[in-house]
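Here is data.csv, consisting of CSV, C-alpha atoms:
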chain,number,residue,atom,x,y,z
A,1,MET,CA,-33.8,5.0,58.2
A,2,SER,CA,-35.9,2.0,59.2
A,3,TYR,CA,-37.2,-0.3,56.4
A,4,LEU,CA,-40.8,0.1,57.7
A,5,VAL,CA,-40.6,3.9,57.3
A,6,ILE,CA,-39.3,3.5,53.7
A,7,PHE,CA,-42.2,1.0,53.0
A,8,ILE,CA,-45.0,3.2,54.4
A,9,SER,CA,-43.6,6.3,52.9
A,10,ALA,CA,-43.4,4.7,49.4
A,11,VAL,CA,-46.7,3.0,49.4
A,12,LEU,CA,-49.0,5.6,51.1
A,13,VAL,CA,-47.4,8.9,51.7
A,14,ASN,CA,-45.3,9.4,48.5
A,15,ASN,CA,-47.3,7.0,46.3
A,16,ILE,CA,-45.4,6.7,43.1
A,17,VAL,CA,-48.4,7.2,40.8
A,18,LEU,CA,-50.6,9.6,42.7
A,19,THR,CA,-48.0,12.0,44.1
A,20,GLN,CA,-44.8,11.4,42.1
A,21,PHE,CA,-46.5,11.1,38.7
A,22,LEU,CA,-44.4,8.1,37.5
A,23,GLY,CA,-46.0,5.3,35.6
A,24,ILE,CA,-49.1,7.2,34.6
A,25,CYS,CA,-49.3,5.6,31.1
A,26,PRO,CA,-49.9,2.0,32.4
A,27,PHE,CA,-52.0,3.5,35.2
A,28,LEU,CA,-54.4,4.9,32.6
A,29,GLY,CA,-53.9,2.2,30.0
A,30,VAL,CA,-54.4,-1.1,31.8
A,31,SER,CA,-56.8,-0.1,34.5
A,32,ARG,CA,-60.1,-1.1,32.8
A,33,ARG,CA,-60.3,-4.5,34.6
A,34,ILE,CA,-59.1,-5.5,38.1
A,35,SER,CA,-57.6,-8.7,36.7
A,36,THR,CA,-55.4,-7.1,34.1
A,37,ALA,CA,-54.4,-4.4,36.6
A,38,ALA,CA,-53.3,-7.1,39.1
A,39,GLY,CA,-51.3,-8.8,36.3
A,40,MET,CA,-49.5,-5.6,35.4
A,41,ALA,CA,-48.8,-4.8,39.0
A,42,GLY,CA,-47.2,-8.2,39.5
A,43,ALA,CA,-45.0,-7.8,36.4
A,44,VAL,CA,-44.0,-4.3,37.5
A,45,ALA,CA,-43.1,-5.5,41.0
A,46,PHE,CA,-40.9,-8.2,39.6
A,47,VAL,CA,-39.1,-6.0,37.0
A,48,LEU,CA,-38.8,-2.9,39.2
A,49,THR,CA,-37.1,-4.7,42.1
A,50,LEU,CA,-34.7,-6.6,39.9
A,51,ALA,CA,-33.9,-3.6,37.7
A,52,THR,CA,-33.2,-1.4,40.7
A,53,LEU,CA,-30.9,-4.1,42.1
A,54,VAL,CA,-28.9,-4.4,38.9
A,55,THR,CA,-28.7,-0.7,38.1
A,56,TYR,CA,-27.5,0.0,41.7
A,57,LEU,CA,-24.7,-2.5,41.3
A,58,VAL,CA,-23.8,-1.1,37.9
A,59,GLN,CA,-23.7,2.4,39.3
A,60,LYS,CA,-21.5,1.5,42.2
A,61,TRP,CA,-19.2,-0.9,40.5
A,62,VAL,CA,-18.9,0.5,37.0
A,63,LEU,CA,-20.1,4.0,36.6
A,64,ASP,CA,-18.7,5.5,39.8
A,65,PRO,CA,-15.2,3.9,39.8
A,66,PHE,CA,-14.6,4.9,36.2
A,67,GLY,CA,-16.0,8.4,36.6
A,68,ILE,CA,-18.6,8.0,33.9
A,69,SER,CA,-21.7,8.7,35.8
A,70,TYR,CA,-22.9,11.1,33.1
A,71,LEU,CA,-23.7,8.0,31.1
A,72,GLN,CA,-26.3,7.0,33.8
A,73,THR,CA,-29.3,7.6,31.7
A,74,ILE,CA,-28.1,5.7,28.7
A,75,ALA,CA,-26.7,2.8,30.8
A,76,PHE,CA,-29.8,2.5,32.9
A,77,ILE,CA,-32.3,2.4,30.0
A,78,LEU,CA,-30.2,-0.2,28.2
A,79,ILE,CA,-30.0,-2.4,31.3
A,80,ILE,CA,-33.7,-2.1,31.8
A,81,ALA,CA,-34.5,-3.0,28.2
A,82,ALA,CA,-32.0,-5.9,28.3
A,83,LEU,CA,-33.4,-7.1,31.6
A,84,VAL,CA,-37.0,-7.1,30.4
A,85,GLN,CA,-35.9,-9.2,27.4
A,86,LEU,CA,-34.0,-11.6,29.6
A,87,ILE,CA,-36.9,-12.0,32.0
A,88,GLU,CA,-39.2,-12.7,29.1
A,89,ILE,CA,-36.9,-15.4,27.7
A,90,ILE,CA,-36.2,-17.0,31.1
A,91,LEU,CA,-39.9,-17.0,32.1
A,92,LYS,CA,-40.9,-18.6,28.8
A,93,LYS,CA,-38.5,-21.6,29.5
A,94,VAL,CA,-38.9,-21.9,33.3
A,95,SER,CA,-42.5,-21.1,34.0
A,96,PRO,CA,-44.8,-21.0,31.0
A,97,SER,CA,-47.9,-20.4,33.2
A,98,LEU,CA,-46.3,-17.3,34.8
A,99,TYR,CA,-45.2,-16.2,31.3
A,100,GLN,CA,-48.8,-16.5,30.1
A,101,ALA,CA,-50.0,-14.3,33.0
A,102,LEU,CA,-47.3,-11.6,32.7
A,103,GLY,CA,-46.1,-12.1,29.1
A,104,ILE,CA,-48.2,-9.4,27.4
A,105,TYR,CA,-47.2,-6.8,30.0
A,106,LEU,CA,-43.5,-7.3,29.9
A,107,PRO,CA,-42.7,-5.5,26.6
A,108,LEU,CA,-44.7,-2.5,27.8
A,109,ILE,CA,-42.6,-2.2,31.0
A,110,THR,CA,-39.5,-1.0,29.2
A,111,THR,CA,-41.0,2.4,28.6
A,112,ASN,CA,-42.7,2.5,32.0
A,113,CYS,CA,-41.1,5.6,33.5
A,114,ALA,CA,-41.7,4.2,37.0
A,115,ILE,CA,-38.8,1.7,36.4
A,116,LEU,CA,-36.2,4.1,35.3
A,117,GLY,CA,-37.5,6.7,37.7
A,118,VAL,CA,-37.1,4.5,40.8
A,119,ALA,CA,-33.7,3.3,39.6
A,120,ILE,CA,-32.5,6.9,39.4
A,121,LEU,CA,-34.2,8.0,42.6
A,122,THR,CA,-32.5,5.1,44.5
A,123,ILE,CA,-29.1,6.5,43.5
A,124,GLN,CA,-30.1,10.1,44.2
A,125,LYS,CA,-31.4,9.3,47.7
A,126,GLU,CA,-28.1,7.6,48.5
A,127,PHE,CA,-29.6,4.4,49.8
A,128,ASN,CA,-27.5,1.4,50.6
A,129,LEU,CA,-28.2,-1.8,48.6
A,130,LEU,CA,-30.8,-3.3,50.9
A,131,GLU,CA,-32.6,0.0,51.5
A,132,GLY,CA,-32.6,0.5,47.7
A,133,VAL,CA,-34.2,-2.9,47.1
A,134,VAL,CA,-36.8,-2.3,49.9
A,135,PHE,CA,-37.5,1.1,48.4
A,136,ALA,CA,-38.0,-0.4,44.9
A,137,PHE,CA,-40.2,-3.1,46.2
A,138,SER,CA,-42.3,-0.7,48.2
A,139,ASN,CA,-42.8,1.6,45.3
A,140,ALA,CA,-43.9,-1.4,43.2
A,141,MET,CA,-46.4,-2.2,45.9
A,142,GLY,CA,-47.6,1.4,45.9
A,143,PHE,CA,-48.0,1.3,42.1
A,144,GLY,CA,-50.0,-2.0,42.5
A,145,LEU,CA,-52.2,-0.5,45.2
A,146,ALA,CA,-53.0,2.6,43.1
A,147,LEU,CA,-53.5,0.6,39.9
A,148,VAL,CA,-55.9,-2.0,41.5
A,149,LEU,CA,-57.9,0.6,43.4
A,150,PHE,CA,-58.2,2.7,40.3
A,151,ALA,CA,-59.3,-0.3,38.2
A,152,GLY,CA,-61.9,-1.1,40.8
A,153,ILE,CA,-63.3,2.4,40.6
A,154,ARG,CA,-63.3,2.3,36.8
A,155,GLU,CA,-65.2,-1.0,36.7
A,156,HIS,CA,-68.0,0.7,38.7
A,157,LEU,CA,-67.7,3.9,36.6
A,158,GLU,CA,-68.7,1.9,33.5
A,159,LEU,CA,-72.1,1.4,35.0
A,160,MET,CA,-72.6,5.1,35.7
A,161,GLU,CA,-74.0,7.8,33.5
A,162,VAL,CA,-71.1,10.0,32.7
A,163,PRO,CA,-71.7,13.4,31.0
A,164,ALA,CA,-71.1,13.0,27.3
A,165,GLY,CA,-68.2,15.4,27.1
A,166,LEU,CA,-66.3,13.7,29.9
A,167,LYS,CA,-66.6,10.1,28.6
A,168,GLY,CA,-63.3,8.1,28.3
A,169,THR,CA,-60.0,9.6,29.3
A,170,PRO,CA,-61.3,12.9,30.9
A,171,ILE,CA,-63.5,11.2,33.5
A,172,ALA,CA,-60.6,8.7,34.2
A,173,LEU,CA,-58.3,11.6,34.9
A,174,VAL,CA,-60.8,13.4,37.1
A,175,THR,CA,-61.3,10.2,39.1
A,176,ALA,CA,-57.6,9.8,39.4
A,177,GLY,CA,-57.5,13.3,40.8
A,178,ILE,CA,-60.0,12.4,43.5
A,179,LEU,CA,-58.1,9.3,44.3
A,180,ALA,CA,-54.9,11.4,44.6
A,181,MET,CA,-56.9,13.7,47.0
A,182,ALA,CA,-57.7,10.7,49.1
A,183,PHE,CA,-54.0,9.7,49.3
A,184,MET,CA,-53.2,13.3,50.4
A,185,GLY,CA,-54.8,12.3,53.7
A,186,PHE,CA,-51.8,10.1,54.4
A,187,SER,CA,-49.4,13.0,54.2
A,188,GLY,CA,-49.1,13.5,57.9
A,189,LEU,CA,-48.4,9.8,58.6
A,190,ILE,CA,-44.6,10.1,58.7
B,1,MET,CA,-47.3,22.7,1.5
B,2,ASN,CA,-46.8,19.2,2.7
B,3,GLN,CA,-44.3,20.3,5.3
B,4,ILE,CA,-46.7,22.9,6.7
B,5,LYS,CA,-49.2,20.1,7.2
B,6,ASN,CA,-46.6,18.0,8.9
B,7,PHE,CA,-45.8,20.8,11.2
B,8,THR,CA,-49.3,21.9,12.1
B,9,LYS,CA,-50.8,18.4,12.8
B,10,GLY,CA,-48.9,18.2,16.1
B,11,LEU,CA,-50.2,21.5,17.3
B,12,LEU,CA,-53.9,20.6,17.7
B,13,ARG,CA,-55.3,17.9,15.5
B,14,GLU,CA,-52.9,15.2,16.6
B,15,ASN,CA,-51.7,17.0,19.8
B,16,PRO,CA,-49.6,14.4,21.7
B,17,ILE,CA,-51.0,15.2,25.1
B,18,LEU,CA,-54.5,16.4,24.4
B,19,VAL,CA,-55.6,14.0,21.7
B,20,LEU,CA,-53.2,11.0,21.7
B,21,VAL,CA,-52.8,11.2,25.6
B,22,LEU,CA,-49.1,10.2,25.4
B,23,GLY,CA,-46.3,11.4,27.7
B,24,THR,CA,-48.7,12.0,30.6
B,25,CYS,CA,-46.0,11.6,33.3
B,26,PRO,CA,-43.9,14.7,32.7
B,27,THR,CA,-47.1,16.5,31.7
B,28,LEU,CA,-48.6,16.1,35.2
B,29,GLY,CA,-45.3,16.1,37.1
B,30,VAL,CA,-43.7,19.4,36.0
B,31,THR,CA,-46.7,21.7,35.3
B,32,SER,CA,-47.0,23.2,38.8
B,33,SER,CA,-46.0,26.5,37.1
B,34,ALA,CA,-46.1,27.8,33.6
B,35,ALA,CA,-42.3,28.4,33.5
B,36,ASN,CA,-41.6,24.8,34.4
B,37,GLY,CA,-44.0,23.6,31.7
B,38,LEU,CA,-42.2,25.8,29.1
B,39,GLY,CA,-38.8,24.5,30.1
B,40,MET,CA,-39.8,20.9,30.0
B,41,GLY,CA,-41.6,21.4,26.7
B,42,LEU,CA,-38.6,23.0,25.0
B,43,ALA,CA,-36.2,20.3,26.3
B,44,THR,CA,-38.5,17.6,24.9
B,45,THR,CA,-38.9,19.5,21.6
B,46,PHE,CA,-35.1,19.5,21.2
B,47,VAL,CA,-34.8,15.8,21.9
B,48,LEU,CA,-37.8,15.0,19.6
B,49,ALA,CA,-36.5,17.0,16.6
B,50,MET,CA,-32.9,15.8,16.9
B,51,SER,CA,-33.7,12.2,17.5
B,52,ASN,CA,-36.2,12.2,14.6
B,53,LEU,CA,-33.5,13.7,12.3
B,54,VAL,CA,-30.8,11.2,13.3
B,55,ILE,CA,-33.1,8.2,13.1
B,56,SER,CA,-34.4,9.2,9.7
B,57,LEU,CA,-30.8,9.5,8.5
B,58,VAL,CA,-29.6,6.1,9.8
B,59,LYS,CA,-32.9,4.2,9.4
B,60,ASP,CA,-31.6,2.2,6.4
B,61,GLN,CA,-28.5,1.0,8.3
B,62,ILE,CA,-30.3,-0.3,11.3
B,63,PRO,CA,-31.4,-4.0,11.1
B,64,ASP,CA,-35.1,-4.3,11.7
B,65,LYS,CA,-34.7,-6.6,14.8
B,66,VAL,CA,-32.6,-4.2,16.8
B,67,ARG,CA,-34.6,-1.2,15.7
B,68,ILE,CA,-36.2,-0.2,19.0
B,69,PRO,CA,-33.0,-0.6,21.2
B,70,SER,CA,-31.1,1.5,18.6
B,71,PHE,CA,-33.7,4.2,18.7
B,72,ILE,CA,-33.6,4.3,22.5
B,73,VAL,CA,-29.8,4.7,22.5
B,74,ILE,CA,-30.1,7.6,20.1
B,75,ILE,CA,-32.8,9.2,22.2
B,76,ALA,CA,-30.9,8.7,25.4
B,77,ALA,CA,-27.8,10.3,23.9
B,78,PHE,CA,-29.7,13.5,23.1
B,79,VAL,CA,-31.4,13.4,26.6
B,80,THR,CA,-27.9,13.3,28.1
B,81,VAL,CA,-26.9,16.3,26.0
B,82,VAL,CA,-30.0,18.3,27.3
B,83,GLU,CA,-29.3,17.1,30.9
B,84,LEU,CA,-25.7,18.4,30.8
B,85,VAL,CA,-26.6,21.7,29.1
B,86,MET,CA,-29.4,22.5,31.5
B,87,GLN,CA,-27.3,21.6,34.5
B,88,ALA,CA,-24.7,24.1,33.3
B,89,TYR,CA,-26.8,27.0,32.1
B,90,THR,CA,-30.2,26.8,33.9
B,91,PRO,CA,-29.4,25.1,37.2
B,92,GLY,CA,-32.6,26.5,38.8
B,93,LEU,CA,-34.8,24.9,36.2
B,94,PHE,CA,-32.7,21.8,36.2
B,95,LYS,CA,-33.4,21.4,39.9
B,96,SER,CA,-37.2,22.0,39.7
B,97,LEU,CA,-37.7,19.6,36.8
B,98,GLY,CA,-35.5,17.1,38.7
B,99,ILE,CA,-36.1,13.4,37.8
B,100,PHE,CA,-38.3,14.3,34.8
B,101,ILE,CA,-35.3,15.3,32.6
B,102,PRO,CA,-33.7,11.9,32.4
B,103,LEU,CA,-37.2,10.5,32.1
B,104,ILE,CA,-37.6,12.2,28.7
B,105,VAL,CA,-36.0,8.9,27.4
B,106,VAL,CA,-39.0,6.9,28.3
B,107,ASN,CA,-41.5,9.6,27.2
B,108,CYS,CA,-43.8,7.7,24.9
B,109,ILE,CA,-44.1,10.6,22.5
B,110,VAL,CA,-40.4,10.5,21.5
B,111,LEU,CA,-40.2,6.8,20.9
B,112,GLY,CA,-43.6,6.9,19.4
B,113,ARG,CA,-42.7,9.5,16.7
B,114,ALA,CA,-39.4,7.7,16.0
B,115,GLU,CA,-41.2,4.5,15.3
B,116,ALA,CA,-44.3,5.9,13.6
B,117,PHE,CA,-42.8,8.7,11.6
B,118,ALA,CA,-39.0,9.1,11.5
B,119,SER,CA,-38.4,5.4,10.6
B,120,LYS,CA,-40.5,5.8,7.5
B,121,ASN,CA,-39.9,9.4,6.3
B,122,GLY,CA,-37.0,11.6,5.0
B,123,PRO,CA,-34.8,13.8,7.2
B,124,LEU,CA,-36.6,17.1,6.4
B,125,SER,CA,-40.2,15.8,7.1
B,126,SER,CA,-38.9,14.1,10.2
B,127,ILE,CA,-37.4,17.2,11.8
B,128,VAL,CA,-40.5,19.2,10.9
B,129,ASP,CA,-42.7,16.5,12.4
B,130,GLY,CA,-40.5,16.5,15.6
B,131,LEU,CA,-40.7,20.3,15.9
B,132,GLY,CA,-44.5,20.3,15.4
B,133,MET,CA,-45.1,17.6,17.9
B,134,GLY,CA,-42.7,19.1,20.3
B,135,LEU,CA,-44.3,22.5,20.1
B,136,GLY,CA,-47.8,21.0,20.5
B,137,PHE,CA,-46.5,19.3,23.6
B,138,THR,CA,-44.9,22.5,24.8
B,139,GLY,CA,-48.2,24.4,24.2
B,140,ALA,CA,-50.3,22.0,26.1
B,141,LEU,CA,-47.7,22.0,29.0
B,142,VAL,CA,-47.7,25.8,29.1
B,143,VAL,CA,-51.5,26.1,29.1
B,144,LEU,CA,-51.8,23.4,31.8
B,145,GLY,CA,-49.0,25.0,33.8
B,146,SER,CA,-50.6,28.5,33.5
B,147,ILE,CA,-54.0,27.3,34.7
B,148,ARG,CA,-52.5,25.5,37.6
B,149,GLU,CA,-50.2,28.3,38.6
B,150,LEU,CA,-53.0,30.9,38.2
B,151,LEU,CA,-55.6,29.0,40.3
B,152,GLY,CA,-53.1,27.5,42.8
B,153,SER,CA,-50.7,30.4,43.6
B,154,GLY,CA,-52.3,33.4,41.9
B,155,THR,CA,-49.3,34.1,39.7
B,156,LEU,CA,-48.5,33.7,36.0
B,157,PHE,CA,-44.8,33.2,35.0
B,158,ASN,CA,-44.1,34.4,38.6
B,159,ILE,CA,-46.0,37.7,38.2
B,160,ARG,CA,-48.6,38.1,40.9
B,161,LEU,CA,-52.1,38.7,39.5
B,162,TYR,CA,-54.2,38.5,42.6
B,163,PRO,CA,-53.5,38.2,46.4
B,164,GLU,CA,-52.4,34.9,47.9
B,165,ASN,CA,-55.4,34.7,50.2
B,166,TYR,CA,-57.7,33.8,47.4
B,167,THR,CA,-55.7,30.9,45.9
B,168,THR,CA,-56.7,27.2,45.9
B,169,LEU,CA,-53.6,25.3,46.8
B,170,LEU,CA,-55.1,22.1,45.6
B,171,PHE,CA,-54.3,23.0,42.0
B,172,VAL,CA,-50.6,23.1,42.6
B,173,LEU,CA,-50.7,19.7,44.3
B,174,ALA,CA,-51.1,16.3,42.6
B,175,PRO,CA,-54.9,16.1,42.4
B,176,GLY,CA,-55.2,19.5,40.6
B,177,ALA,CA,-52.9,18.2,37.9
B,178,PHE,CA,-55.2,15.2,37.1
B,179,ILE,CA,-58.4,17.2,37.3
B,180,VAL,CA,-57.2,20.2,35.1
B,181,LEU,CA,-55.8,17.8,32.4
B,182,GLY,CA,-59.0,15.9,32.5
B,183,TYR,CA,-61.1,19.0,31.7
B,184,MET,CA,-58.6,20.2,29.1
B,185,ILE,CA,-58.9,16.9,27.2
B,186,ALA,CA,-62.7,17.0,27.5
B,187,MET,CA,-62.6,20.5,25.9
B,188,VAL,CA,-60.3,19.5,23.0
B,189,GLN,CA,-62.5,16.4,22.3
B,190,LYS,CA,-65.5,18.7,22.1
B,191,ILE,CA,-63.6,21.2,19.8
B,192,ASN,CA,-62.4,18.4,17.5
B,193,LYS,CA,-65.9,16.9,17.3
B,194,ALA,CA,-67.4,20.2,16.5
B,195,LYS,CA,-64.9,20.6,13.6
B,196,LYS,CA,-66.1,17.3,12.0
Show this structure as structure tokens.
Amino acid sequence: MSYLVIFISAVLVNNIVLTQFLGICPFLGVSRRISTAAGMAGAVAFVLTLATLVTYLVQKWVLDPFGISYLQTIAFILIIAALVQLIEIILKKVSPSLYQALGIYLPLITTNCAILGVAILTIQKEFNLLEGVVFAFSNAMGFGLALVLFAGIREHLELMEVPAGLKGTPIALVTAGILAMAFMGFSGLI
Amino acid sequence: MNQIKNFTKGLLRENPILVLVLGTCPTLGVTSSAANGLGMGLATTFVLAMSNLVISLVKDQIPDKVRIPSFIVIIAAFVTVVELVMQAYTPGLFKSLGIFIPLIVVNCIVLGRAEAFASKNGPLSSIVDGLGMGLGFTGALVVLGSIRELLGSGTLFNIRLYPENYTTLLFVLAPGAFIVLGYMIAMVQKINKAKK
């Protein structure tokens, strides 16, 4: 499969948030402002790509050879949690400005199901290493696209008159539904 | 008396999905039919009750600093149990729930209850809290799944109620999930407000 197909499929056709339902919590939680949404998208892109790379190597070099792939869930979540901690420590030392920008989002990422979901999907789809990394990065881009688009809509939504009963989460969900409908238009692309 | 209160608060007043809006990913992802919702709900209830019990038993032995990682390992162990059991006994359901079974680990409800309740209360209250929250989650999932299945494919638990020509496919697809959940939360907000 060509890398471009993987990219387009993950960003538009099978968008991770709007058609796969992974990473909904941050999608609803940090989408009030475009700037915070972009920060979260950046942090997720970084962690998601790195986590997929590491979990892939662990699966192929440790879990598969020793026949303990039933430990996949435990192993992956521990790797992701450790990785997030490590990135936090390294960023703090190496690039304080980047740490300032991404810092507050990093702890939230451990329990972002998009990270664990993509790591497991990469193994299930039997990608090779490079395809897996491209797949992870594309999914992160898809997450970022959906998040920033949604934040843009919500900024405008604040100025609108919303029916009293739908204020807050309900209108956000209905809006997300309409956004998902728009993304369904891409379904014939590949 | 106290235990009854612990149990019922998860059902509606502090319903994890409809009031706290936690664990939305599996909620939206698996509820294309009522049966899937029920299966997912029961799997999560098991993990929630068991991990709550174990965490409340070992909470005094765990140093505060490594609290969260330890909780996650305990939760992940029970998720693995569920995964293997479902693979063996309900392969059809296992296949249709797919990736969302391992993802119970990162369901915010499970870690949320571990941190907010089980790490502060005794074993009995914790298991009751886990069961209540889990059944509240299951209930919301079954209602959401039923509405989507009824409108989208004209069936309920795979029993056909009206002909296929009159269905709205949209409700089985992704947008339907978001929209139905949105209106369900709006309704629960209204009910809770009216009670006050």
### Task
Mind checking which residues fall within 8 Å of range 98-114 of chain B, counting all atoms listed in the file, ignoring those fewer than 2 positions away in the same chain, and posting them as JSON, numbers by chain?
{"A": [73, 77, 110, 111, 112, 113, 116, 117, 120, 121], "B": [16, 22, 23, 25, 26, 29, 30, 40, 44, 47, 48, 51, 52, 55, 71, 72, 75, 76, 79, 80, 83, 94, 95, 96, 116, 117, 118, 119, 130]}
### Separation of CA of Leu156 in chain B from CA of Ala35 in chain B, in Å and rounded to one decimal
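If I compute the distance from CA of Leu156 in chain B to CA of Ala35 in chain B, I get 8.5 Å.
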Which residues of chain A sit at most 6 Å from chain B, using only C-alpha atoms? Give each one's shortest atom pair and distance in Å (one decimal place), in chain and ascending residue order, as a tab-separated table.
residue	atom	partner	partner_atom	distance
A:Thr19	CA	B:Ala174	CA	5.5
A:Phe21	CA	B:Gly29	CA	5.4
A:Leu22	CA	B:Cys25	CA	5.7
A:Ile24	CA	B:Cys25	CA	5.5
A:Ile74	CA	B:Ala76	CA	5.3
A:Thr111	CA	B:Val106	CA	4.9
A:Cys113	CA	B:Val106	CA	5.8
A:Gly165	CA	B:Ala186	CA	5.7
A:Leu166	CA	B:Ala186	CA	5.4
A:Pro170	CA	B:Gly182	CA	4.1
A:Leu173	CA	B:Gly182	CA	5.0
A:Val174	CA	B:Ile179	CA	4.5
A:Gly177	CA	B:Pro175	CA	4.1
A:Ala180	CA	B:Pro175	CA	5.2
A:Met181	CA	B:Pro175	CA	5.6
### Task
Provide the CA of Leu144 in chain B to CA of Ala37 in chain A distance in Å, to one decimal place.
28.3 Å
### Task
In the coordinate frame of the file, compute which residues have an atom within 12 Å of (-29.8, -5.1, 31.3) when using only C-alpha atoms, and state them as number ranges by chain.
A: 47, 50-58, 74-87, 110, 116; B: 69
### Task
To one decimal in Å, tell me the separation between CA of Arg67 in chain B and CA of Ile127 in chain B.
19.0 Å
